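Asks: My structure is stored as start02.txt, with compact mmCIF, C-alpha atoms.
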```txt
# COMPACT_ATOMS: atom_id res chain seq x y z
CA PHE A 1 114.13 -8.68 -129.27
CA PHE A 2 110.88 -6.84 -128.55
CA SER A 3 111.39 -6.62 -124.77
CA GLY A 4 111.47 -2.81 -124.82
CA LEU A 5 108.27 -2.69 -126.82
CA MET A 6 106.14 -5.33 -125.14
CA LYS A 7 104.22 -3.80 -122.22
CA ASP A 8 100.71 -5.06 -123.00
CA ARG A 9 101.34 -5.42 -126.72
CA ARG A 10 100.63 -8.55 -128.73
CA LEU A 11 103.37 -8.51 -131.33
CA PRO A 12 104.39 -11.08 -133.93
CA ALA A 13 107.43 -13.15 -133.10
CA VAL A 14 110.73 -12.73 -134.90
CA ALA A 15 110.60 -15.09 -137.87
CA SER A 16 112.18 -18.52 -137.47
CA GLU A 17 113.69 -18.09 -140.94
CA PHE A 18 114.63 -14.67 -142.32
CA LEU A 19 113.87 -13.56 -145.87
CA PHE A 20 117.55 -13.62 -146.87
CA GLU A 21 117.63 -17.26 -145.78
CA LYS A 22 114.43 -18.15 -147.62
CA LEU A 23 115.25 -16.60 -151.00
CA PRO A 24 118.40 -16.51 -153.14
CA GLU A 25 120.08 -13.26 -154.11
CA VAL A 26 119.00 -13.54 -157.74
CA ASN A 27 115.38 -14.46 -158.46
CA PRO A 28 114.80 -14.63 -162.23
CA ALA A 29 111.31 -14.67 -163.66
CA PRO A 30 110.32 -18.24 -164.64
CA VAL A 31 109.28 -17.04 -168.10
CA ALA A 32 111.12 -14.12 -169.65
CA LYS A 33 108.43 -11.57 -170.50
CA SER A 34 110.59 -8.46 -170.32
CA LYS A 35 114.09 -7.28 -169.86
CA ILE A 36 113.29 -5.50 -166.61
CA ARG A 37 115.56 -6.20 -163.66
CA VAL A 38 114.94 -4.69 -160.23
CA ALA A 39 116.81 -4.55 -156.95
CA TYR A 40 114.63 -5.21 -153.90
CA PHE A 41 115.42 -3.11 -150.82
CA VAL A 42 113.78 -5.27 -148.18
CA GLY A 43 113.87 -3.34 -144.90
CA CYS A 44 114.43 -4.69 -141.39
CA ALA A 45 110.85 -5.55 -140.40
CA THR A 46 110.18 -7.49 -143.60
CA GLU A 47 113.51 -9.30 -143.35
CA PHE A 48 113.23 -10.32 -139.70
CA VAL A 49 109.53 -10.29 -138.74
CA LEU A 50 107.32 -10.51 -141.85
CA PRO A 51 109.31 -12.41 -144.50
CA ALA A 52 106.08 -13.71 -146.08
CA SER A 53 105.49 -10.17 -147.32
CA GLY A 54 108.88 -10.15 -149.00
CA GLU A 55 108.27 -13.54 -150.59
CA ALA A 56 104.98 -12.25 -151.99
CA ILE A 57 106.68 -9.18 -153.48
CA VAL A 58 109.20 -11.37 -155.31
CA ARG A 59 106.44 -13.76 -156.44
CA VAL A 60 104.31 -11.02 -157.97
CA LEU A 61 107.28 -9.36 -159.67
CA ASN A 62 108.39 -12.71 -161.08
CA GLU A 63 104.84 -13.40 -162.26
CA VAL A 64 104.86 -10.26 -164.41
CA GLY A 65 108.23 -11.24 -165.86
CA VAL A 66 110.56 -9.11 -163.76
CA ASP A 67 113.90 -10.43 -162.52
CA VAL A 68 114.48 -9.58 -158.86
CA VAL A 69 117.86 -9.16 -157.17
CA ILE A 70 117.96 -9.07 -153.37
CA PRO A 71 121.39 -7.68 -152.45
CA LYS A 72 122.36 -9.60 -149.33
CA GLU A 73 124.80 -6.89 -148.16
CA GLN A 74 122.04 -4.30 -147.77
CA GLY A 75 121.27 -3.07 -144.28
CA CYS A 76 118.82 -0.88 -142.39
CA CYS A 77 117.70 2.27 -144.23
CA GLY A 78 118.69 4.31 -141.17
CA LEU A 79 115.51 6.37 -140.88
CA ALA A 80 114.96 5.38 -137.23
CA VAL A 81 118.50 6.51 -136.42
CA HIS A 82 118.02 9.74 -138.38
CA VAL A 83 114.78 10.79 -136.66
CA ASN A 84 116.42 10.21 -133.28
CA GLY A 85 119.16 12.67 -134.14
CA ASP A 86 122.18 10.48 -134.89
CA ILE A 87 122.95 12.00 -138.27
CA GLU A 88 126.49 10.63 -138.41
CA THR A 89 125.36 7.00 -138.10
CA ALA A 90 122.40 7.56 -140.43
CA THR A 91 124.78 8.94 -143.04
CA ALA A 92 127.12 5.97 -142.70
CA MET A 93 124.17 3.57 -143.12
CA ALA A 94 122.88 5.43 -146.16
CA LEU A 95 126.32 5.46 -147.80
CA HIS A 96 126.73 1.73 -147.19
CA ASN A 97 123.41 0.97 -148.84
CA LEU A 98 124.12 3.40 -151.67
CA LYS A 99 127.31 1.52 -152.50
CA VAL A 100 125.54 -1.85 -152.34
CA LEU A 101 122.65 -0.77 -154.57
CA GLU A 102 124.90 0.98 -157.07
CA GLN A 103 126.67 -2.33 -157.66
CA VAL A 104 123.44 -3.97 -158.85
CA GLU A 105 122.67 -3.54 -162.53
CA CYS A 106 118.97 -2.75 -162.35
CA ASP A 107 116.29 -0.59 -163.90
CA TYR A 108 114.43 0.14 -160.67
CA ILE A 109 114.81 -0.23 -156.91
CA ILE A 110 111.66 -1.67 -155.31
CA THR A 111 110.63 -1.09 -151.71
CA SER A 112 107.75 -2.79 -149.89
CA CYS A 113 108.14 -0.74 -146.71
CA ALA A 114 106.77 2.79 -146.99
CA THR A 115 109.21 4.01 -144.36
CA CYS A 116 112.22 2.65 -146.25
CA GLY A 117 110.89 4.13 -149.47
CA SER A 118 110.73 7.57 -147.85
CA ALA A 119 114.28 7.18 -146.61
CA LEU A 120 115.67 6.23 -150.02
CA ARG A 121 113.74 8.89 -151.89
CA ASP A 122 113.84 11.80 -149.48
CA ILE A 123 116.13 11.37 -146.47
CA TRP A 124 119.25 9.93 -148.11
CA PRO A 125 119.80 12.85 -150.54
CA ARG A 126 119.67 15.23 -147.58
CA LEU A 127 122.53 13.36 -145.91
CA ALA A 128 124.99 13.99 -148.74
CA ARG A 129 128.19 15.67 -147.57
CA THR A 130 129.50 16.61 -151.01
CA PRO A 131 127.98 17.53 -154.39
CA GLU A 132 129.20 14.18 -155.74
CA GLU A 133 127.41 12.23 -152.99
CA LYS A 134 124.24 14.26 -153.54
CA LYS A 135 124.33 13.44 -157.25
CA ARG A 136 124.69 9.73 -156.49
CA PHE A 137 121.88 9.74 -153.93
CA GLU A 138 119.55 11.63 -156.28
CA ALA A 139 120.31 9.24 -159.14
CA LEU A 140 119.40 6.32 -156.88
CA ALA A 141 116.27 8.05 -155.57
CA ALA A 142 115.03 8.50 -159.16
CA LYS A 143 114.99 4.70 -159.57
CA VAL A 144 113.02 3.97 -156.38
CA ARG A 145 109.44 2.73 -156.70
CA ASP A 146 107.09 1.42 -154.04
CA ALA A 147 105.98 -2.07 -154.98
CA THR A 148 102.35 -0.97 -155.28
CA GLU A 149 103.07 1.76 -157.82
CA PHE A 150 105.42 -0.48 -159.79
CA ILE A 151 103.14 -3.47 -160.14
CA LEU A 152 100.24 -1.25 -161.25
CA SER A 153 102.29 0.48 -163.94
CA PHE A 154 104.19 -2.55 -165.24
CA GLY A 155 102.93 -5.25 -167.58
CA PHE A 156 99.55 -3.60 -168.10
CA THR A 157 97.49 -4.83 -171.04
CA ASP A 158 93.94 -4.10 -172.17
CA VAL A 159 92.71 -6.39 -169.39
CA PHE A 160 93.40 -5.58 -165.74
CA PRO A 161 96.27 -7.98 -164.95
CA TYR A 162 95.64 -8.97 -161.34
CA LYS A 163 93.17 -11.19 -159.50
CA PRO A 164 92.73 -12.15 -155.83
CA ILE A 165 94.89 -14.93 -154.45
CA LEU A 166 92.65 -15.01 -151.36
CA PRO A 167 89.59 -17.32 -151.22
CA ARG A 168 86.53 -16.22 -153.21
CA GLY A 169 84.32 -13.84 -151.26
CA THR A 170 87.11 -12.70 -148.91
CA THR A 171 86.52 -9.09 -147.87
CA VAL A 172 89.38 -6.63 -147.54
CA THR A 173 90.13 -3.05 -146.58
CA TRP A 174 93.14 -0.78 -147.04
CA HIS A 175 95.21 1.13 -144.52
CA GLU A 176 97.34 3.83 -146.13
CA PRO A 177 100.73 4.26 -144.40
CA CYS A 178 101.70 7.86 -143.73
CA HIS A 179 105.09 7.38 -145.38
CA LEU A 180 103.38 6.08 -148.51
CA GLY A 181 100.53 8.53 -149.03
CA ARG A 182 101.73 11.67 -147.28
CA HIS A 183 105.47 11.42 -147.93
CA GLN A 184 105.77 9.56 -151.24
CA HIS A 185 102.36 10.67 -152.59
CA VAL A 186 101.48 7.11 -153.57
CA SER A 187 97.75 6.88 -152.84
CA ARG A 188 95.97 6.17 -156.12
CA GLU A 189 97.96 3.07 -157.06
CA PRO A 190 97.19 0.69 -154.18
CA LEU A 191 93.55 1.79 -154.11
CA THR A 192 93.24 1.19 -157.85
CA ILE A 193 94.70 -2.29 -157.49
CA LEU A 194 92.40 -3.23 -154.63
CA ARG A 195 89.21 -1.72 -156.07
CA ARG A 196 89.71 -3.42 -159.43
CA THR A 197 90.92 -6.72 -157.98
CA PHE A 198 88.32 -7.19 -155.25
CA GLY A 199 85.37 -5.16 -156.52
CA LYS A 200 82.45 -5.30 -154.09
CA ASP A 201 84.60 -7.25 -151.62
CA PHE A 202 86.77 -4.18 -151.05
CA HIS A 203 85.50 -1.91 -148.27
CA GLU A 204 87.11 1.45 -147.61
CA LEU A 205 87.73 2.67 -144.09
CA LYS A 206 85.78 5.73 -142.99
CA GLU A 207 88.98 7.45 -141.92
CA THR A 208 92.47 7.19 -143.39
CA GLY A 209 94.54 8.41 -140.47
CA CYS A 210 97.77 7.13 -138.97
CA SER A 211 97.94 3.70 -137.34
CA GLY A 212 99.77 5.23 -134.39
CA PHE A 213 102.96 3.21 -134.79
CA GLY A 214 105.48 5.85 -135.88
CA GLY A 215 108.59 3.78 -135.17
CA SER A 216 110.13 4.79 -131.86
CA PHE A 217 107.19 7.17 -131.29
CA ASN A 218 105.14 4.22 -130.07
CA VAL A 219 107.85 3.32 -127.56
CA TYR A 220 108.21 6.76 -125.99
CA ASN A 221 104.56 7.76 -126.39
CA TYR A 222 102.84 4.43 -125.92
CA ASP A 223 99.60 5.74 -124.39
CA LEU A 224 99.07 8.16 -127.27
CA SER A 225 100.08 5.47 -129.77
CA LYS A 226 97.36 3.20 -128.33
CA LYS A 227 94.73 5.96 -128.53
CA ILE A 228 95.52 6.55 -132.21
CA GLY A 229 95.59 2.81 -132.84
CA ARG A 230 92.21 2.37 -131.13
CA ILE A 231 90.61 4.75 -133.65
CA LYS A 232 92.02 2.64 -136.47
CA ALA A 233 90.88 -0.58 -134.79
CA ASP A 234 87.34 0.73 -134.31
CA ASN A 235 87.17 1.67 -138.00
CA ILE A 236 88.35 -1.80 -138.99
CA ARG A 237 85.73 -3.39 -136.72
CA GLU A 238 83.02 -1.34 -138.48
CA THR A 239 83.97 -2.73 -141.88
CA GLY A 240 83.81 -6.33 -140.65
CA VAL A 241 86.41 -7.39 -143.21
CA ASP A 242 88.46 -10.58 -143.24
CA TYR A 243 91.76 -8.90 -144.13
CA VAL A 244 93.39 -5.52 -143.53
CA ILE A 245 95.86 -4.77 -146.31
CA SER A 246 98.71 -2.28 -146.08
CA ALA A 247 102.19 -1.58 -147.44
CA CYS A 248 104.25 -0.86 -144.35
CA PRO A 249 105.36 -3.56 -141.90
CA GLY A 250 105.36 -1.07 -139.02
CA CYS A 251 101.71 -0.25 -139.65
CA GLN A 252 100.94 -3.94 -140.07
CA ILE A 253 102.51 -4.79 -136.70
CA GLN A 254 100.63 -1.95 -134.97
CA ILE A 255 97.30 -2.95 -136.50
CA MET A 256 97.86 -6.62 -135.62
CA ASP A 257 98.45 -5.55 -132.04
CA GLN A 258 95.40 -3.29 -131.82
CA MET A 259 93.09 -5.84 -133.44
CA ALA A 260 94.28 -8.50 -130.99
CA GLN A 261 93.94 -6.20 -127.98
CA HIS A 262 90.37 -5.25 -128.92
CA GLY A 263 89.17 -8.68 -130.00
CA ILE A 264 88.78 -7.86 -133.69
CA PRO A 265 88.99 -10.94 -135.94
CA GLY A 266 90.89 -10.92 -139.22
CA ARG A 267 94.40 -10.88 -140.57
CA VAL A 268 96.80 -8.11 -141.60
CA ILE A 269 98.89 -8.59 -144.74
CA HIS A 270 100.87 -6.72 -147.38
CA LEU A 271 99.06 -5.93 -150.62
CA ALA A 272 101.28 -8.35 -152.57
CA GLU A 273 100.06 -11.21 -150.38
CA ALA A 274 96.49 -10.59 -151.60
CA ILE A 275 96.94 -10.64 -155.37
CA THR A 276 98.35 -12.73 -158.20
CA PHE A 277 98.98 -12.07 -161.90
CA ARG A 278 96.35 -13.38 -164.30
CA GLY A 279 99.01 -14.60 -166.72
```
Is it possible to express this structure as structure tokens?
Replies:
Amino acid sequence: FFSGLMKDRRLPAVASEFLFEKLPEVNPAPVAKSKIRVAYFVGCATEFVLPASGEAIVRVLNEVGVDVVIPKEQGCCGLAVHVNGDIETATAMALHNLKVLEQVECDYIITSCATCGSALRDIWPRLARTPEEKKRFEALAAKVRDATEFILSFGFTDVFPYKPILPRGTTVTWHEPCHLGRHQHVSREPLTILRRTFGKDFHELKETGCSGFGGSFNVYNYDLSKKIGRIKADNIRETGVDYVISACPGCQIQIMDQMAQHGIPGRVIHLAEAITFRG
């Protein structure tokens, strides 16, 4: 599967069990705390390579009383196709997913991949061929929330609602994906969650630049991708943390690779894998 990407990379294997196989389509909250129902747009990398991230998203949403629907007919967001110039196929993919998501009765559409979130919010409306399609895409885009911004805004009481699920004393840092901070303008929310959840055990990176992944960019420009990734890896080494937390599977895969190549200990996980609801 990754033969075209390998070279000297150290990439995670394709999962032995995909997210759609691990979880049912409808995942109701164990205890009804709200009437909120969301559709989860999973994304290819989470589905096939990092399903633990997807399981954590559903767990946290269920913990705060949100019912989660994972439409099994959803497909790739199409952003990789779009940026490589195949607008016709990208449009067909967007229209397929639009139809699937419109059929789910939900209040919000949750993404845990920053790249997918950018596609749903920004790219899909641009692919509309008619005013009617544009209206449908824009209506869907208005319901899209990245998981980090949703879980911060939902279920908030007078007491901060989250605590670490990682062992006591575990140190963490945050890598901001470009498609999250620069494209969707979601920067405050994940930082707020991590600062308030981990306190002194949260260490910020000195620089907040790109991981160097960039989808197919890292295939066609591998040497430059490695140089960018090396800067990120060196910054992570300086912090000496146990975990690097992000919200984009592409970034996670790139950082895993660079940490392994440069002998940097620690794990890379999605933010939802690091927290749990206080209850």
Asks: Using the file's own x, y and z axes, so that the box edges lie along x, y and z, what centre and edge lengths in Å (one decimal) does a box around every listed atom of range 70-88 of chain A get when 8 Å is added on each side? Give it as lines of an AutoDock Vina configuration file.
Replies:
```
center_x = 120.6
center_y = 1.5
center_z = -143.3
size_x = 27.7
size_y = 38.3
size_z = 36.1
```
Asks: List the neighbours of range 201-216 of chain A out to 6 Å using all atoms listed in the file; skip same-chain residues closer than 5 positions along the sequence, and give me the result as a ChimeraX atom specification.
Replies: /A:171-173,225,228-229,251,254
Asks: Calculate how many Å separate CA of Ala15 in chain A from CA of Asn218 in chain A, rounding to one decimal.
Replies: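 Spanning CA of Ala15 in chain A to CA of Asn218 in chain A is a straight-line distance of 21.5 Å.
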Asks: To one decimal in Å, tell me the separation between CA of Thr46 in chain A and CA of Cys248 in chain A.
Replies: 8.9 Å
Asks: Could you tell me which of A:Gln103, A:Gln252, A:Asn235, A:Thr89 comes closest to Ser53 in chain A if we count all atoms listed in the file?
Replies: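 Among the listed residues, A:Gln252 lies closest to Ser53 in chain A.
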Asks: What's around Tyr108 in chain A at 6 Å? Count all atoms listed in the file, leave out sequence neighbours fewer than 6 positions away in its own chain, and write the answer as a list in words.
Replies: Val38, Lys143 and Val144 of chain A
Asks: Check the smallest atom-to-atom distance from each of A:Pro30, A:Ile123, A:Lys226, A:Ile57 to Gly78 in chain A using all atoms listed in the file, then report the winner.
Replies: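 Once distances to Gly78 in chain A are computed over all atoms listed in the file, the minimum belongs to A:Ile123.
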Asks: Just to confirm, what's the straight-line distance from CA of Phe277 in chain A to CA of Ser246 in chain A in Å (one decimal)?
Replies: 18.6 Å
Asks: Select, counting all atoms listed in the file, all protein, DNA and RNA residues no farther than 12 Å from (131.0, 13.5, -146.7) in file coordinates, and express the selection as a list of chain:residue names.
Replies: A:Ile87, A:Glu88, A:Thr91, A:Ala92, A:Ala94, A:Leu95, A:Pro125, A:Arg126, A:Leu127, A:Ala128, A:Arg129, A:Thr130, A:Pro131, A:Glu132, A:Glu133, A:Lys134
Asks: Looking at only C-alpha atoms, which of A:Leu79, A:Val186, A:Ala52, A:Ala39 is the one that sits closest to Ile269 in chain A?
Replies: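 Nearest to Ile269 in chain A: A:Ala52.
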Asks: Could you tell me which of A:Thr239, A:Asn84, A:Asn97, A:Thr148 comes closest to Ile110 in chain A if we count only C-alpha atoms?
Replies: A:Thr148
Asks: Taking into account all atoms listed in the file, which residue in the set A:Phe41, A:Gln184, A:Val244, A:Leu101 is nearest to Arg121 in chain A?
Replies: A:Gln184
Asks: Calculated over only C-alpha atoms, which of the candidates A:Ile236, A:Tyr243, A:Gly65, A:Leu19 has the smallest distance to Gly263 in chain A?
Replies: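 Using only C-alpha atoms, the shortest distance to Gly263 in chain A belongs to A:Ile236.
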Asks: Would you mind listing what lies within 8 Å of Gly117 in chain A as number ranges by chain, with only C-alpha atoms counted and same-chain residues fewer than 6 positions away left out?
Replies: A: 111, 144-146, 179-180, 184
Asks: Residues near Ala233 in chain A, anyone? I mean within 9 Å using all atoms listed in the file, not counting same-chain ones fewer than 4 positions away, as a PyMOL selection string.
Replies: chain A and resi 211+228-229+237-238+255+258-259+262+264
Asks: Using all atoms listed in the file, which protein or nucleic acid residues come within 12 Å of Gly169 in chain A? Drop anything in the same chain fewer than 5 positions from it, and give the result as a VMD selection string.
Replies: chain A and resid 164 197 to 202 241 to 243
Asks: With C-alpha atoms retained, export the selected residues as a tab-separated table (two decimals), keeping the file's coordinate frame.
Replies:
```
chain	number	residue	atom	x	y	z
A	164	PRO	CA	92.73	-12.15	-155.83
A	197	THR	CA	90.92	-6.72	-157.98
A	198	PHE	CA	88.32	-7.19	-155.25
A	199	GLY	CA	85.37	-5.16	-156.52
A	200	LYS	CA	82.45	-5.30	-154.09
A	201	ASP	CA	84.60	-7.25	-151.62
A	202	PHE	CA	86.77	-4.18	-151.05
A	241	VAL	CA	86.41	-7.39	-143.21
A	242	ASP	CA	88.46	-10.58	-143.24
A	243	TYR	CA	91.76	-8.90	-144.13
```
Asks: Hey, can you pull every residue with an atom no more than 6 Å from (101.6, -3.8, -149.0), using all atoms listed in the file, and send it as a ChimeraX atom specification?
Replies: /A:246-247,270-272
Asks: Fix up range 167-178 of chain A with all heavy atoms, then write it as a PDB file, keeping the file's coordinate frame.
Replies:
```pdb
ATOM      1  N   PRO A 167      90.801 -16.556-150.875  1.00  0.00           N
ATOM      2  CA  PRO A 167      89.590 -17.320-151.220  1.00  0.00           C
ATOM      3  C   PRO A 167      88.469 -16.417-151.736  1.00  0.00           C
ATOM      4  O   PRO A 167      88.346 -15.255-151.331  1.00  0.00           O
ATOM      5  CB  PRO A 167      89.209 -17.970-149.886  1.00  0.00           C
ATOM      6  CG  PRO A 167      90.488 -18.038-149.109  1.00  0.00           C
ATOM      7  CD  PRO A 167      91.262 -16.818-149.492  1.00  0.00           C
ATOM      8  N   ARG A 168      87.651 -16.960-152.640  1.00  0.00           N
ATOM      9  CA  ARG A 168      86.530 -16.220-153.210  1.00  0.00           C
ATOM     10  C   ARG A 168      85.621 -15.684-152.091  1.00  0.00           C
ATOM     11  O   ARG A 168      85.309 -16.387-151.138  1.00  0.00           O
ATOM     12  CB  ARG A 168      85.730 -17.123-154.134  1.00  0.00           C
ATOM     13  CG  ARG A 168      84.547 -16.431-154.825  1.00  0.00           C
ATOM     14  CD  ARG A 168      83.757 -17.419-155.670  1.00  0.00           C
ATOM     15  NE  ARG A 168      84.553 -17.898-156.779  1.00  0.00           N
ATOM     16  CZ  ARG A 168      84.653 -17.300-157.956  1.00  0.00           C
ATOM     17  NH1 ARG A 168      83.997 -16.170-158.154  1.00  0.00           N
ATOM     18  NH2 ARG A 168      85.396 -17.813-158.920  1.00  0.00           N
ATOM     19  N   GLY A 169      85.229 -14.443-152.234  1.00  0.00           N
ATOM     20  CA  GLY A 169      84.320 -13.840-151.260  1.00  0.00           C
ATOM     21  C   GLY A 169      85.025 -13.214-150.068  1.00  0.00           C
ATOM     22  O   GLY A 169      84.370 -12.632-149.197  1.00  0.00           O
ATOM     23  N   THR A 170      86.363 -13.312-150.010  1.00  0.00           N
ATOM     24  CA  THR A 170      87.110 -12.700-148.910  1.00  0.00           C
ATOM     25  C   THR A 170      86.990 -11.180-148.999  1.00  0.00           C
ATOM     26  O   THR A 170      87.197 -10.589-150.059  1.00  0.00           O
ATOM     27  CB  THR A 170      88.602 -13.086-148.992  1.00  0.00           C
ATOM     28  OG1 THR A 170      88.724 -14.498-148.833  1.00  0.00           O
ATOM     29  CG2 THR A 170      89.406 -12.383-147.903  1.00  0.00           C
ATOM     30  N   THR A 171      86.658 -10.545-147.886  1.00  0.00           N
ATOM     31  CA  THR A 171      86.520  -9.090-147.870  1.00  0.00           C
ATOM     32  C   THR A 171      87.791  -8.453-147.326  1.00  0.00           C
ATOM     33  O   THR A 171      88.441  -8.983-146.424  1.00  0.00           O
ATOM     34  CB  THR A 171      85.324  -8.663-147.007  1.00  0.00           C
ATOM     35  OG1 THR A 171      85.449  -9.245-145.693  1.00  0.00           O
ATOM     36  CG2 THR A 171      84.024  -9.110-147.631  1.00  0.00           C
ATOM     37  N   VAL A 172      88.134  -7.301-147.903  1.00  0.00           N
ATOM     38  CA  VAL A 172      89.380  -6.630-147.540  1.00  0.00           C
ATOM     39  C   VAL A 172      89.163  -5.140-147.395  1.00  0.00           C
ATOM     40  O   VAL A 172      88.216  -4.568-147.936  1.00  0.00           O
ATOM     41  CB  VAL A 172      90.483  -6.879-148.599  1.00  0.00           C
ATOM     42  CG1 VAL A 172      90.732  -8.367-148.812  1.00  0.00           C
ATOM     43  CG2 VAL A 172      90.138  -6.210-149.930  1.00  0.00           C
ATOM     44  N   THR A 173      90.072  -4.503-146.653  1.00  0.00           N
ATOM     45  CA  THR A 173      90.130  -3.050-146.580  1.00  0.00           C
ATOM     46  C   THR A 173      91.571  -2.624-146.706  1.00  0.00           C
ATOM     47  O   THR A 173      92.484  -3.460-146.709  1.00  0.00           O
ATOM     48  CB  THR A 173      89.490  -2.510-145.292  1.00  0.00           C
ATOM     49  OG1 THR A 173      89.318  -1.088-145.407  1.00  0.00           O
ATOM     50  CG2 THR A 173      90.351  -2.794-144.066  1.00  0.00           C
ATOM     51  N   TRP A 174      91.799  -1.322-146.803  1.00  0.00           N
ATOM     52  CA  TRP A 174      93.140  -0.780-147.040  1.00  0.00           C
ATOM     53  C   TRP A 174      93.481   0.254-145.987  1.00  0.00           C
ATOM     54  O   TRP A 174      92.705   1.174-145.714  1.00  0.00           O
ATOM     55  CB  TRP A 174      93.202  -0.130-148.425  1.00  0.00           C
ATOM     56  CG  TRP A 174      94.395   0.761-148.676  1.00  0.00           C
ATOM     57  CD1 TRP A 174      94.393   2.123-148.813  1.00  0.00           C
ATOM     58  CD2 TRP A 174      95.761   0.362-148.847  1.00  0.00           C
ATOM     59  NE1 TRP A 174      95.660   2.595-149.058  1.00  0.00           N
ATOM     60  CE2 TRP A 174      96.528   1.527-149.082  1.00  0.00           C
ATOM     61  CE3 TRP A 174      96.414  -0.879-148.825  1.00  0.00           C
ATOM     62  CZ2 TRP A 174      97.906   1.497-149.286  1.00  0.00           C
ATOM     63  CZ3 TRP A 174      97.792  -0.910-149.034  1.00  0.00           C
ATOM     64  CH2 TRP A 174      98.515   0.253-149.262  1.00  0.00           C
ATOM     65  N   HIS A 175      94.659   0.093-145.380  1.00  0.00           N
ATOM     66  CA  HIS A 175      95.210   1.130-144.520  1.00  0.00           C
ATOM     67  C   HIS A 175      96.367   1.790-145.253  1.00  0.00           C
ATOM     68  O   HIS A 175      97.329   1.115-145.634  1.00  0.00           O
ATOM     69  CB  HIS A 175      95.726   0.554-143.195  1.00  0.00           C
ATOM     70  CG  HIS A 175      96.646   1.509-142.491  1.00  0.00           C
ATOM     71  ND1 HIS A 175      96.203   2.665-141.883  1.00  0.00           N
ATOM     72  CD2 HIS A 175      98.004   1.508-142.343  1.00  0.00           C
ATOM     73  CE1 HIS A 175      97.244   3.315-141.382  1.00  0.00           C
ATOM     74  NE2 HIS A 175      98.334   2.645-141.653  1.00  0.00           N
ATOM     75  N   GLU A 176      96.271   3.099-145.443  1.00  0.00           N
ATOM     76  CA  GLU A 176      97.340   3.830-146.130  1.00  0.00           C
ATOM     77  C   GLU A 176      98.410   4.281-145.136  1.00  0.00           C
ATOM     78  O   GLU A 176      98.132   5.075-144.243  1.00  0.00           O
ATOM     79  CB  GLU A 176      96.773   5.059-146.837  1.00  0.00           C
ATOM     80  CG  GLU A 176      97.849   5.879-147.547  1.00  0.00           C
ATOM     81  CD  GLU A 176      97.276   7.077-148.273  1.00  0.00           C
ATOM     82  OE1 GLU A 176      96.848   6.906-149.432  1.00  0.00           O
ATOM     83  OE2 GLU A 176      97.255   8.183-147.679  1.00  0.00           O
ATOM     84  N   PRO A 177      99.645   3.806-145.276  1.00  0.00           N
ATOM     85  CA  PRO A 177     100.730   4.260-144.400  1.00  0.00           C
ATOM     86  C   PRO A 177     101.049   5.729-144.647  1.00  0.00           C
ATOM     87  O   PRO A 177     101.020   6.197-145.792  1.00  0.00           O
ATOM     88  CB  PRO A 177     101.910   3.374-144.814  1.00  0.00           C
ATOM     89  CG  PRO A 177     101.301   2.206-145.531  1.00  0.00           C
ATOM     90  CD  PRO A 177     100.077   2.743-146.196  1.00  0.00           C
ATOM     91  N   CYS A 178     101.366   6.438-143.597  1.00  0.00           N
ATOM     92  CA  CYS A 178     101.700   7.860-143.730  1.00  0.00           C
ATOM     93  C   CYS A 178     102.893   8.071-144.661  1.00  0.00           C
ATOM     94  O   CYS A 178     102.901   9.003-145.470  1.00  0.00           O
ATOM     95  CB  CYS A 178     102.017   8.452-142.359  1.00  0.00           C
ATOM     96  SG  CYS A 178     100.638   8.437-141.193  1.00  0.00           S
TER      97      CYS A 178
END
```
